[in-house]
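A.B. asks: So here's data.txt, just compact mmCIF, N, CA and C atoms:
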# COMPACT_ATOMS: atom_id res chain seq x y z
N MET C 7 -28.52 65.44 -38.64
CA MET C 7 -27.22 64.83 -38.67
C MET C 7 -26.11 65.90 -38.73
N ARG C 8 -26.39 66.94 -39.54
CA ARG C 8 -25.40 68.02 -39.64
C ARG C 8 -25.24 68.72 -38.31
N VAL C 9 -26.29 68.94 -37.62
CA VAL C 9 -26.23 69.62 -36.33
C VAL C 9 -25.42 68.79 -35.34
N ALA C 10 -25.61 67.49 -35.36
CA ALA C 10 -24.87 66.61 -34.46
C ALA C 10 -23.39 66.63 -34.81
N THR C 11 -23.05 66.66 -36.09
CA THR C 11 -21.65 66.70 -36.52
C THR C 11 -21.00 68.02 -36.10
N VAL C 12 -21.72 69.11 -36.29
CA VAL C 12 -21.20 70.43 -35.91
C VAL C 12 -21.01 70.50 -34.40
N LEU C 13 -21.96 70.01 -33.64
CA LEU C 13 -21.83 70.01 -32.18
C LEU C 13 -20.67 69.14 -31.72
N LEU C 14 -20.55 67.99 -32.36
CA LEU C 14 -19.44 67.09 -32.01
C LEU C 14 -18.09 67.74 -32.32
N SER C 15 -17.99 68.38 -33.47
CA SER C 15 -16.72 69.04 -33.82
C SER C 15 -16.44 70.22 -32.91
N LEU C 16 -17.46 70.97 -32.53
CA LEU C 16 -17.26 72.08 -31.60
C LEU C 16 -16.82 71.58 -30.22
N THR C 17 -17.40 70.50 -29.78
CA THR C 17 -17.03 69.91 -28.49
C THR C 17 -15.58 69.41 -28.54
N PHE C 18 -15.22 68.77 -29.64
CA PHE C 18 -13.87 68.25 -29.80
C PHE C 18 -12.85 69.40 -29.83
N THR C 19 -13.17 70.48 -30.55
CA THR C 19 -12.29 71.64 -30.64
C THR C 19 -12.14 72.31 -29.27
N ALA C 20 -13.24 72.45 -28.56
CA ALA C 20 -13.19 73.07 -27.23
C ALA C 20 -12.34 72.24 -26.28
N THR C 21 -12.42 70.92 -26.39
CA THR C 21 -11.61 70.04 -25.54
C THR C 21 -10.13 70.21 -25.85
N LEU C 22 -9.78 70.31 -27.13
CA LEU C 22 -8.38 70.50 -27.52
C LEU C 22 -7.84 71.83 -27.02
N VAL C 23 -8.63 72.88 -27.12
CA VAL C 23 -8.20 74.20 -26.68
C VAL C 23 -7.96 74.20 -25.18
N GLN C 24 -8.81 73.52 -24.43
CA GLN C 24 -8.63 73.46 -22.98
C GLN C 24 -7.42 72.61 -22.61
N ALA C 25 -7.13 71.59 -23.40
CA ALA C 25 -6.03 70.68 -23.07
C ALA C 25 -4.67 71.31 -23.35
N GLU C 26 -4.59 72.20 -24.34
CA GLU C 26 -3.30 72.81 -24.68
C GLU C 26 -2.95 73.89 -23.68
N PRO C 27 -1.74 73.85 -23.14
CA PRO C 27 -1.33 74.93 -22.24
C PRO C 27 -1.10 76.21 -23.05
N GLU C 28 -1.22 77.29 -22.38
CA GLU C 28 -1.01 78.57 -23.04
C GLU C 28 0.47 78.73 -23.34
N ARG C 29 0.79 79.02 -24.58
CA ARG C 29 2.19 79.07 -25.00
C ARG C 29 2.61 80.48 -25.40
N SER C 30 2.24 81.43 -24.65
CA SER C 30 2.66 82.79 -24.97
C SER C 30 4.03 83.03 -24.32
N LEU C 31 4.95 83.41 -25.14
CA LEU C 31 6.30 83.70 -24.65
C LEU C 31 6.45 85.21 -24.50
N GLU C 32 6.79 85.63 -23.32
CA GLU C 32 7.01 87.05 -23.13
C GLU C 32 8.51 87.31 -23.04
N ARG C 33 8.91 88.39 -23.58
CA ARG C 33 10.32 88.76 -23.61
C ARG C 33 10.72 89.30 -22.23
N LEU C 34 11.82 88.75 -21.70
CA LEU C 34 12.31 89.16 -20.39
C LEU C 34 13.50 90.10 -20.54
N SER C 35 13.64 91.00 -19.61
CA SER C 35 14.81 91.88 -19.62
C SER C 35 16.00 91.12 -19.07
N ASN C 36 17.20 91.66 -19.27
CA ASN C 36 18.41 91.02 -18.74
C ASN C 36 18.36 90.86 -17.23
N ILE C 37 17.84 91.86 -16.56
CA ILE C 37 17.76 91.82 -15.10
C ILE C 37 16.82 90.70 -14.66
N GLU C 38 15.70 90.56 -15.36
CA GLU C 38 14.75 89.49 -15.01
C GLU C 38 15.36 88.11 -15.23
N VAL C 39 16.15 87.97 -16.31
CA VAL C 39 16.81 86.69 -16.58
C VAL C 39 17.81 86.38 -15.47
N ILE C 40 18.61 87.36 -15.09
CA ILE C 40 19.61 87.16 -14.03
C ILE C 40 18.93 86.83 -12.71
N GLU C 41 17.85 87.53 -12.39
CA GLU C 41 17.12 87.24 -11.14
C GLU C 41 16.55 85.84 -11.17
N HIS C 42 16.06 85.41 -12.33
CA HIS C 42 15.53 84.06 -12.44
C HIS C 42 16.62 83.02 -12.23
N ILE C 43 17.78 83.25 -12.85
CA ILE C 43 18.90 82.32 -12.69
C ILE C 43 19.32 82.26 -11.23
N ARG C 44 19.41 83.41 -10.58
CA ARG C 44 19.79 83.43 -9.16
C ARG C 44 18.77 82.71 -8.30
N SER C 45 17.49 82.83 -8.64
CA SER C 45 16.46 82.16 -7.85
C SER C 45 16.53 80.65 -8.00
N GLU C 46 17.10 80.17 -9.11
CA GLU C 46 17.21 78.73 -9.34
C GLU C 46 18.45 78.13 -8.68
N LEU C 47 19.38 78.96 -8.24
CA LEU C 47 20.59 78.45 -7.60
C LEU C 47 20.26 77.89 -6.22
N PRO C 48 21.00 76.84 -5.80
CA PRO C 48 20.74 76.29 -4.47
C PRO C 48 21.05 77.32 -3.38
N LYS C 49 20.20 77.36 -2.37
CA LYS C 49 20.36 78.36 -1.32
C LYS C 49 20.84 77.77 -0.01
N ASP C 50 21.12 76.47 0.03
CA ASP C 50 21.52 75.87 1.30
C ASP C 50 22.93 76.26 1.70
N LYS C 51 23.79 76.56 0.74
CA LYS C 51 25.17 76.92 1.07
C LYS C 51 25.30 78.43 1.11
N PRO C 52 25.81 78.96 2.22
CA PRO C 52 26.02 80.41 2.25
C PRO C 52 27.17 80.80 1.33
N ALA C 53 27.10 81.97 0.79
CA ALA C 53 28.15 82.44 -0.10
C ALA C 53 29.44 82.62 0.68
N VAL C 54 30.53 82.16 0.08
CA VAL C 54 31.82 82.28 0.73
C VAL C 54 32.38 83.66 0.40
N LYS C 55 32.70 84.39 1.42
CA LYS C 55 33.28 85.71 1.20
C LYS C 55 34.79 85.62 1.39
N ARG C 56 35.50 86.12 0.40
CA ARG C 56 36.95 86.14 0.50
C ARG C 56 37.36 87.34 1.35
N THR C 57 38.26 87.07 2.26
CA THR C 57 38.78 88.19 3.04
C THR C 57 39.85 88.91 2.25
N ARG C 58 40.57 88.13 1.45
CA ARG C 58 41.52 88.76 0.54
C ARG C 58 41.82 87.79 -0.57
N SER C 59 42.05 88.30 -1.75
CA SER C 59 42.33 87.42 -2.88
C SER C 59 43.84 87.33 -3.08
N LEU C 60 44.27 86.19 -3.58
CA LEU C 60 45.70 86.01 -3.85
C LEU C 60 46.09 86.81 -5.08
N SER C 61 47.25 87.42 -5.02
CA SER C 61 47.76 88.08 -6.21
C SER C 61 48.33 87.00 -7.12
N MET C 62 48.62 87.38 -8.34
CA MET C 62 49.19 86.41 -9.27
C MET C 62 50.53 85.90 -8.73
N PHE C 63 51.31 86.80 -8.15
CA PHE C 63 52.61 86.39 -7.62
C PHE C 63 52.44 85.33 -6.54
N GLU C 64 51.50 85.56 -5.62
CA GLU C 64 51.29 84.60 -4.54
C GLU C 64 50.79 83.26 -5.05
N SER C 65 50.00 83.26 -6.10
CA SER C 65 49.51 82.00 -6.64
C SER C 65 50.61 81.24 -7.40
N LEU C 66 51.56 81.97 -7.98
CA LEU C 66 52.67 81.31 -8.68
C LEU C 66 53.77 80.85 -7.73
N ASP C 67 53.98 81.58 -6.67
CA ASP C 67 55.05 81.27 -5.71
C ASP C 67 54.60 80.14 -4.78
N ARG C 68 54.78 78.90 -5.24
CA ARG C 68 54.28 77.74 -4.50
C ARG C 68 54.99 77.50 -3.18
N ASN C 69 56.29 77.74 -3.14
CA ASN C 69 57.05 77.46 -1.90
C ASN C 69 57.19 78.68 -0.99
N ARG C 70 56.56 79.78 -1.34
CA ARG C 70 56.52 81.00 -0.52
C ARG C 70 57.90 81.56 -0.16
N ASP C 71 58.81 81.51 -1.14
CA ASP C 71 60.14 82.07 -0.90
C ASP C 71 60.28 83.48 -1.50
N ASN C 72 59.16 84.08 -1.90
CA ASN C 72 59.12 85.41 -2.51
C ASN C 72 59.86 85.49 -3.83
N GLU C 73 60.00 84.36 -4.51
CA GLU C 73 60.56 84.31 -5.86
C GLU C 73 59.82 83.23 -6.63
N VAL C 74 59.61 83.47 -7.91
CA VAL C 74 58.97 82.47 -8.77
C VAL C 74 60.03 81.92 -9.71
N SER C 75 60.31 80.63 -9.54
CA SER C 75 61.31 79.99 -10.39
C SER C 75 60.64 79.46 -11.66
N LEU C 76 61.45 79.04 -12.63
CA LEU C 76 60.93 78.45 -13.86
C LEU C 76 60.16 77.17 -13.54
N THR C 77 60.61 76.42 -12.55
CA THR C 77 59.92 75.19 -12.14
C THR C 77 58.52 75.51 -11.64
N GLU C 78 58.39 76.56 -10.84
CA GLU C 78 57.07 76.95 -10.35
C GLU C 78 56.19 77.48 -11.49
N MET C 79 56.81 78.15 -12.43
CA MET C 79 56.06 78.71 -13.56
C MET C 79 55.58 77.62 -14.50
N ARG C 80 56.27 76.49 -14.54
CA ARG C 80 55.88 75.39 -15.44
C ARG C 80 54.52 74.81 -15.09
N ARG C 81 54.03 75.06 -13.90
CA ARG C 81 52.69 74.60 -13.52
C ARG C 81 51.61 75.33 -14.33
N HIS C 82 52.00 76.42 -14.96
CA HIS C 82 51.09 77.22 -15.79
C HIS C 82 51.68 77.30 -17.20
N PRO C 83 51.42 76.29 -18.03
CA PRO C 83 52.06 76.22 -19.36
C PRO C 83 51.85 77.47 -20.22
N SER C 84 50.74 78.15 -20.06
CA SER C 84 50.51 79.33 -20.89
C SER C 84 51.42 80.49 -20.50
N LEU C 85 52.00 80.45 -19.29
CA LEU C 85 52.86 81.54 -18.83
C LEU C 85 54.36 81.24 -18.99
N VAL C 86 54.70 79.98 -19.23
CA VAL C 86 56.12 79.59 -19.29
C VAL C 86 56.87 80.36 -20.36
N ASN C 87 56.25 80.57 -21.51
CA ASN C 87 56.93 81.26 -22.61
C ASN C 87 57.32 82.70 -22.25
N SER C 88 56.61 83.31 -21.33
CA SER C 88 56.94 84.68 -20.96
C SER C 88 57.92 84.79 -19.81
N PHE C 89 58.37 83.65 -19.26
CA PHE C 89 59.27 83.69 -18.12
C PHE C 89 60.54 84.47 -18.43
N HIS C 90 61.20 84.14 -19.53
CA HIS C 90 62.49 84.78 -19.84
C HIS C 90 62.31 86.25 -20.25
N LYS C 91 61.16 86.58 -20.82
CA LYS C 91 60.89 87.99 -21.15
C LYS C 91 60.70 88.81 -19.88
N LEU C 92 60.09 88.18 -18.87
CA LEU C 92 59.81 88.90 -17.62
C LEU C 92 61.04 88.99 -16.71
N ASP C 93 61.96 88.04 -16.84
CA ASP C 93 63.14 88.01 -15.99
C ASP C 93 64.13 89.08 -16.46
N ILE C 94 63.88 90.32 -16.05
CA ILE C 94 64.63 91.47 -16.52
C ILE C 94 66.10 91.41 -16.13
N ASN C 95 66.40 91.01 -14.90
CA ASN C 95 67.80 90.98 -14.44
C ASN C 95 68.49 89.64 -14.69
N ASN C 96 67.84 88.74 -15.39
CA ASN C 96 68.41 87.44 -15.78
C ASN C 96 69.00 86.65 -14.62
N ASP C 97 68.32 86.66 -13.49
CA ASP C 97 68.82 85.88 -12.34
C ASP C 97 68.13 84.52 -12.23
N GLY C 98 67.24 84.19 -13.17
CA GLY C 98 66.60 82.88 -13.18
C GLY C 98 65.36 82.77 -12.30
N VAL C 99 65.01 83.84 -11.63
CA VAL C 99 63.78 83.86 -10.82
C VAL C 99 63.08 85.20 -11.04
N LEU C 100 61.78 85.20 -10.78
CA LEU C 100 60.99 86.42 -10.92
C LEU C 100 60.60 86.94 -9.55
N ASN C 101 60.76 88.24 -9.35
CA ASN C 101 60.30 88.85 -8.11
C ASN C 101 58.99 89.58 -8.38
N ARG C 102 58.43 90.23 -7.36
CA ARG C 102 57.13 90.89 -7.51
C ARG C 102 57.13 91.98 -8.59
N GLU C 103 58.21 92.75 -8.66
CA GLU C 103 58.28 93.82 -9.65
C GLU C 103 58.32 93.28 -11.07
N GLU C 104 58.97 92.14 -11.27
CA GLU C 104 59.06 91.57 -12.61
C GLU C 104 57.73 90.95 -13.05
N ILE C 105 56.94 90.48 -12.10
CA ILE C 105 55.64 89.88 -12.43
C ILE C 105 54.57 90.94 -12.65
N GLN C 106 54.77 92.14 -12.14
CA GLN C 106 53.75 93.20 -12.19
C GLN C 106 53.21 93.45 -13.60
N PRO C 107 54.04 93.58 -14.65
CA PRO C 107 53.47 93.83 -16.00
C PRO C 107 52.54 92.71 -16.46
N LEU C 108 52.89 91.46 -16.15
CA LEU C 108 52.05 90.33 -16.52
C LEU C 108 50.72 90.38 -15.77
N GLN C 109 50.80 90.72 -14.50
CA GLN C 109 49.59 90.80 -13.68
C GLN C 109 48.66 91.90 -14.21
N GLU C 110 49.20 93.04 -14.60
CA GLU C 110 48.38 94.12 -15.13
C GLU C 110 47.77 93.74 -16.47
N GLU C 111 48.53 93.02 -17.31
CA GLU C 111 48.01 92.59 -18.61
C GLU C 111 46.83 91.62 -18.41
N ILE C 112 46.97 90.69 -17.50
CA ILE C 112 45.90 89.73 -17.25
C ILE C 112 44.69 90.42 -16.63
N LYS C 113 44.92 91.39 -15.77
CA LYS C 113 43.81 92.14 -15.19
C LYS C 113 43.03 92.86 -16.28
N GLY C 114 43.74 93.44 -17.23
CA GLY C 114 43.08 94.11 -18.36
C GLY C 114 42.27 93.15 -19.20
N LEU C 115 42.83 91.95 -19.44
CA LEU C 115 42.10 90.94 -20.21
C LEU C 115 40.85 90.49 -19.49
N ARG C 116 40.93 90.35 -18.17
CA ARG C 116 39.75 89.97 -17.38
C ARG C 116 38.67 91.03 -17.48
N ASN C 117 39.07 92.30 -17.44
CA ASN C 117 38.08 93.38 -17.57
C ASN C 117 37.39 93.33 -18.93
N ILE C 118 38.16 93.07 -19.98
CA ILE C 118 37.59 92.98 -21.33
C ILE C 118 36.62 91.81 -21.40
N LEU C 119 37.01 90.65 -20.84
CA LEU C 119 36.12 89.49 -20.86
C LEU C 119 34.85 89.74 -20.07
N THR C 120 34.96 90.43 -18.95
CA THR C 120 33.78 90.74 -18.14
C THR C 120 32.83 91.64 -18.91
N LEU C 121 33.36 92.67 -19.55
CA LEU C 121 32.52 93.58 -20.33
C LEU C 121 31.87 92.85 -21.50
N THR C 122 32.62 91.96 -22.14
CA THR C 122 32.07 91.19 -23.24
C THR C 122 30.95 90.28 -22.77
N ALA C 123 31.15 89.64 -21.61
CA ALA C 123 30.12 88.74 -21.06
C ALA C 123 28.87 89.54 -20.71
N LEU C 124 29.02 90.74 -20.19
CA LEU C 124 27.86 91.55 -19.84
C LEU C 124 27.09 91.98 -21.08
N ARG C 125 27.80 92.20 -22.17
CA ARG C 125 27.12 92.58 -23.42
C ARG C 125 26.30 91.40 -23.96
N ILE C 126 26.81 90.18 -23.77
CA ILE C 126 26.11 88.99 -24.25
C ILE C 126 24.82 88.79 -23.48
N ILE C 127 24.90 89.02 -22.16
CA ILE C 127 23.71 88.83 -21.31
C ILE C 127 22.74 89.92 -21.64
Give the structure from this file in structure tokens form.
C.D. replies:
Amino acid sequence: MRVATVLLSLTFTATLVQAEPERSLERLSNIEVIEHIRSELPKDKPAVKRTRSLSMFESLDRNRDNEVSLTEMRRHPSLVNSFHKLDINNDGVLNREEIQPLQEEIKGLRNILTLTALRII
């Protein structure tokens, strides 16, 4: 009877071991994770290549009159507060030279965010 119980328990244990999938987790490098994510992205759409990117001035200047008015700036609530600081000659509109400091500041912030994101990955 003992032999039958031992054989039955061994058979039951062997069945459980075969049924469980192997759960070994291996640590992946950052490059392997990125490659895996890229492989999971849909491949039916070709990547869109920009021939040129819009500058901040061009994206703010909605009517293409080469000036950014307060009305145009209001479309970007986070930038409205800096309108009067940027309007150096107090003519009520911003030209390319007046927007340049803001554009450089945002470019610097983007670089910081990119570096931070790369450190997280």
A.B. asks: Between atom N of Glu38 of chain C and atom N of Arg116 of chain C, measure the distance and give it in Å to one decimal.
C.D. replies: 25.4 Å
A.B. asks: Mind giving me the straight-line distance from atom CA of Leu108 of chain C to atom CA of Val86 of chain C in Å, one decimal?
C.D. replies: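 Interatomic distance here is 11.8 Å.
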A.B. asks: Using all atoms listed in the file, determine which residues lie at most 6.5 Å from segment 69-81 of chain C, disregarding the query and same-chain residues fewer than 3 positions distant; provide the list as an mmCIF file with N, CA and C atoms, keeping the file's coordinate frame.
C.D. replies:
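Once written, around33.cif looks like this:
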data_model
loop_
_atom_site.group_PDB
_atom_site.id
_atom_site.type_symbol
_atom_site.label_atom_id
_atom_site.label_comp_id
_atom_site.auth_asym_id
_atom_site.auth_seq_id
_atom_site.Cartn_x
_atom_site.Cartn_y
_atom_site.Cartn_z
ATOM 1 N N LEU C 66 51.560 81.970 -7.980
ATOM 2 C CA LEU C 66 52.670 81.310 -8.680
ATOM 3 C C LEU C 66 53.770 80.850 -7.730
ATOM 4 N N SER C 84 50.740 78.150 -20.060
ATOM 5 C CA SER C 84 50.510 79.330 -20.890
ATOM 6 C C SER C 84 51.420 80.490 -20.500
ATOM 7 N N LEU C 85 52.000 80.450 -19.290
ATOM 8 C CA LEU C 85 52.860 81.540 -18.830
ATOM 9 C C LEU C 85 54.360 81.240 -18.990
ATOM 10 N N VAL C 86 54.700 79.980 -19.230
ATOM 11 C CA VAL C 86 56.120 79.590 -19.290
ATOM 12 C C VAL C 86 56.870 80.360 -20.360
ATOM 13 N N GLY C 98 67.240 84.190 -13.170
ATOM 14 C CA GLY C 98 66.600 82.880 -13.180
ATOM 15 C C GLY C 98 65.360 82.770 -12.300
ATOM 16 N N VAL C 99 65.010 83.840 -11.630
ATOM 17 C CA VAL C 99 63.780 83.860 -10.820
ATOM 18 C C VAL C 99 63.080 85.200 -11.040
ATOM 19 N N LEU C 100 61.780 85.200 -10.780
ATOM 20 C CA LEU C 100 60.990 86.420 -10.920
ATOM 21 C C LEU C 100 60.600 86.940 -9.550
ATOM 22 N N ASN C 101 60.760 88.240 -9.350
ATOM 23 C CA ASN C 101 60.300 88.850 -8.110
ATOM 24 C C ASN C 101 58.990 89.580 -8.380
ATOM 25 N N ARG C 102 58.430 90.230 -7.360
ATOM 26 C CA ARG C 102 57.130 90.890 -7.510
ATOM 27 C C ARG C 102 57.130 91.980 -8.590
#
A.B. asks: Just the number, please: distance in Å from atom N of His82 of chain C to atom C of Ser65 of chain C, one decimal.
C.D. replies: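 Those two atoms sit 9.1 Å apart.
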A.B. asks: Will you give me segment 91-121 of chain C, written with N, CA and C atoms and laid out as an mmCIF file, in the first residue's frame?
C.D. replies:
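Below is the file result-v1.cif, written as the result:
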data_model
loop_
_atom_site.group_PDB
_atom_site.id
_atom_site.type_symbol
_atom_site.label_atom_id
_atom_site.label_comp_id
_atom_site.auth_asym_id
_atom_site.auth_seq_id
_atom_site.Cartn_x
_atom_site.Cartn_y
_atom_site.Cartn_z
ATOM 1 N N LYS C 91 6.492 89.982 -21.518
ATOM 2 C CA LYS C 91 7.925 89.957 -21.211
ATOM 3 C C LYS C 91 8.746 89.863 -22.495
ATOM 4 N N LEU C 92 8.212 89.115 -23.460
ATOM 5 C CA LEU C 92 8.936 88.912 -24.719
ATOM 6 C C LEU C 92 8.809 90.103 -25.670
ATOM 7 N N ASP C 93 7.727 90.854 -25.552
ATOM 8 C CA ASP C 93 7.487 91.981 -26.446
ATOM 9 C C ASP C 93 8.381 93.153 -26.039
ATOM 10 N N ILE C 94 9.636 93.087 -26.472
ATOM 11 C CA ILE C 94 10.658 94.036 -26.050
ATOM 12 C C ILE C 94 10.347 95.466 -26.491
ATOM 13 N N ASN C 95 9.882 95.645 -27.725
ATOM 14 C CA ASN C 95 9.615 96.996 -28.234
ATOM 15 C C ASN C 95 8.185 97.467 -27.971
ATOM 16 N N ASN C 96 7.409 96.712 -27.229
ATOM 17 C CA ASN C 96 6.040 97.068 -26.824
ATOM 18 C C ASN C 96 5.143 97.479 -27.984
ATOM 19 N N ASP C 97 5.253 96.764 -29.098
ATOM 20 C CA ASP C 97 4.378 97.080 -30.238
ATOM 21 C C ASP C 97 3.144 96.173 -30.296
ATOM 22 N N GLY C 98 2.987 95.280 -29.317
ATOM 23 C CA GLY C 98 1.798 94.434 -29.252
ATOM 24 C C GLY C 98 1.878 93.163 -30.078
ATOM 25 N N VAL C 99 2.978 92.962 -30.767
ATOM 26 C CA VAL C 99 3.189 91.727 -31.534
ATOM 27 C C VAL C 99 4.627 91.260 -31.322
ATOM 28 N N LEU C 100 4.841 89.970 -31.534
ATOM 29 C CA LEU C 100 6.179 89.404 -31.397
ATOM 30 C C LEU C 100 6.731 89.049 -32.766
ATOM 31 N N ASN C 101 7.985 89.412 -32.996
ATOM 32 C CA ASN C 101 8.638 89.007 -34.240
ATOM 33 C C ASN C 101 9.581 87.847 -33.938
ATOM 34 N N ARG C 102 10.291 87.366 -34.948
ATOM 35 C CA ARG C 102 11.161 86.193 -34.773
ATOM 36 C C ARG C 102 12.252 86.423 -33.720
ATOM 37 N N GLU C 103 12.834 87.618 -33.705
ATOM 38 C CA GLU C 103 13.902 87.902 -32.753
ATOM 39 C C GLU C 103 13.385 87.905 -31.315
ATOM 40 N N GLU C 104 12.155 88.365 -31.116
ATOM 41 C CA GLU C 104 11.601 88.412 -29.764
ATOM 42 C C GLU C 104 11.220 87.011 -29.266
ATOM 43 N N ILE C 105 10.876 86.123 -30.169
ATOM 44 C CA ILE C 105 10.499 84.758 -29.780
ATOM 45 C C ILE C 105 11.727 83.880 -29.552
ATOM 46 N N GLN C 106 12.872 84.259 -30.098
ATOM 47 C CA GLN C 106 14.080 83.432 -30.033
ATOM 48 C C GLN C 106 14.451 82.993 -28.610
ATOM 49 N N PRO C 107 14.455 83.871 -27.598
ATOM 50 C CA PRO C 107 14.817 83.411 -26.237
ATOM 51 C C PRO C 107 13.875 82.324 -25.718
ATOM 52 N N LEU C 108 12.581 82.456 -26.009
ATOM 53 C CA LEU C 108 11.614 81.451 -25.574
ATOM 54 C C LEU C 108 11.869 80.124 -26.276
ATOM 55 N N GLN C 109 12.170 80.203 -27.563
ATOM 56 C CA GLN C 109 12.435 78.990 -28.338
ATOM 57 C C GLN C 109 13.680 78.275 -27.804
ATOM 58 N N GLU C 110 14.720 79.018 -27.464
ATOM 59 C CA GLU C 110 15.937 78.406 -26.929
ATOM 60 C C GLU C 110 15.690 77.790 -25.557
ATOM 61 N N GLU C 111 14.868 78.457 -24.731
ATOM 62 C CA GLU C 111 14.550 77.921 -23.405
ATOM 63 C C GLU C 111 13.788 76.595 -23.530
ATOM 64 N N ILE C 112 12.831 76.542 -24.429
ATOM 65 C CA ILE C 112 12.050 75.320 -24.617
ATOM 66 C C ILE C 112 12.921 74.219 -25.204
ATOM 67 N N LYS C 113 13.828 74.572 -26.094
ATOM 68 C CA LYS C 113 14.739 73.575 -26.659
ATOM 69 C C LYS C 113 15.601 72.973 -25.554
ATOM 70 N N GLY C 114 16.075 73.802 -24.647
ATOM 71 C CA GLY C 114 16.864 73.311 -23.513
ATOM 72 C C GLY C 114 16.062 72.387 -22.616
ATOM 73 N N LEU C 115 14.793 72.746 -22.367
ATOM 74 C CA LEU C 115 13.936 71.891 -21.548
ATOM 75 C C LEU C 115 13.683 70.552 -22.217
ATOM 76 N N ARG C 116 13.505 70.565 -23.537
ATOM 77 C CA ARG C 116 13.311 69.305 -24.269
ATOM 78 C C ARG C 116 14.534 68.420 -24.154
ATOM 79 N N ASN C 117 15.725 69.016 -24.239
ATOM 80 C CA ASN C 117 16.957 68.231 -24.102
ATOM 81 C C ASN C 117 17.048 67.595 -22.720
ATOM 82 N N ILE C 118 16.679 68.354 -21.690
ATOM 83 C CA ILE C 118 16.709 67.831 -20.324
ATOM 84 C C ILE C 118 15.716 66.675 -20.192
ATOM 85 N N LEU C 119 14.501 66.854 -20.730
ATOM 86 C CA LEU C 119 13.501 65.788 -20.656
ATOM 87 C C LEU C 119 13.948 64.541 -21.404
ATOM 88 N N THR C 120 14.589 64.725 -22.547
ATOM 89 C CA THR C 120 15.074 63.578 -23.317
ATOM 90 C C THR C 120 16.136 62.820 -22.540
ATOM 91 N N LEU C 121 17.073 63.538 -21.942
ATOM 92 C CA LEU C 121 18.121 62.890 -21.157
ATOM 93 C C LEU C 121 17.536 62.174 -19.946
#
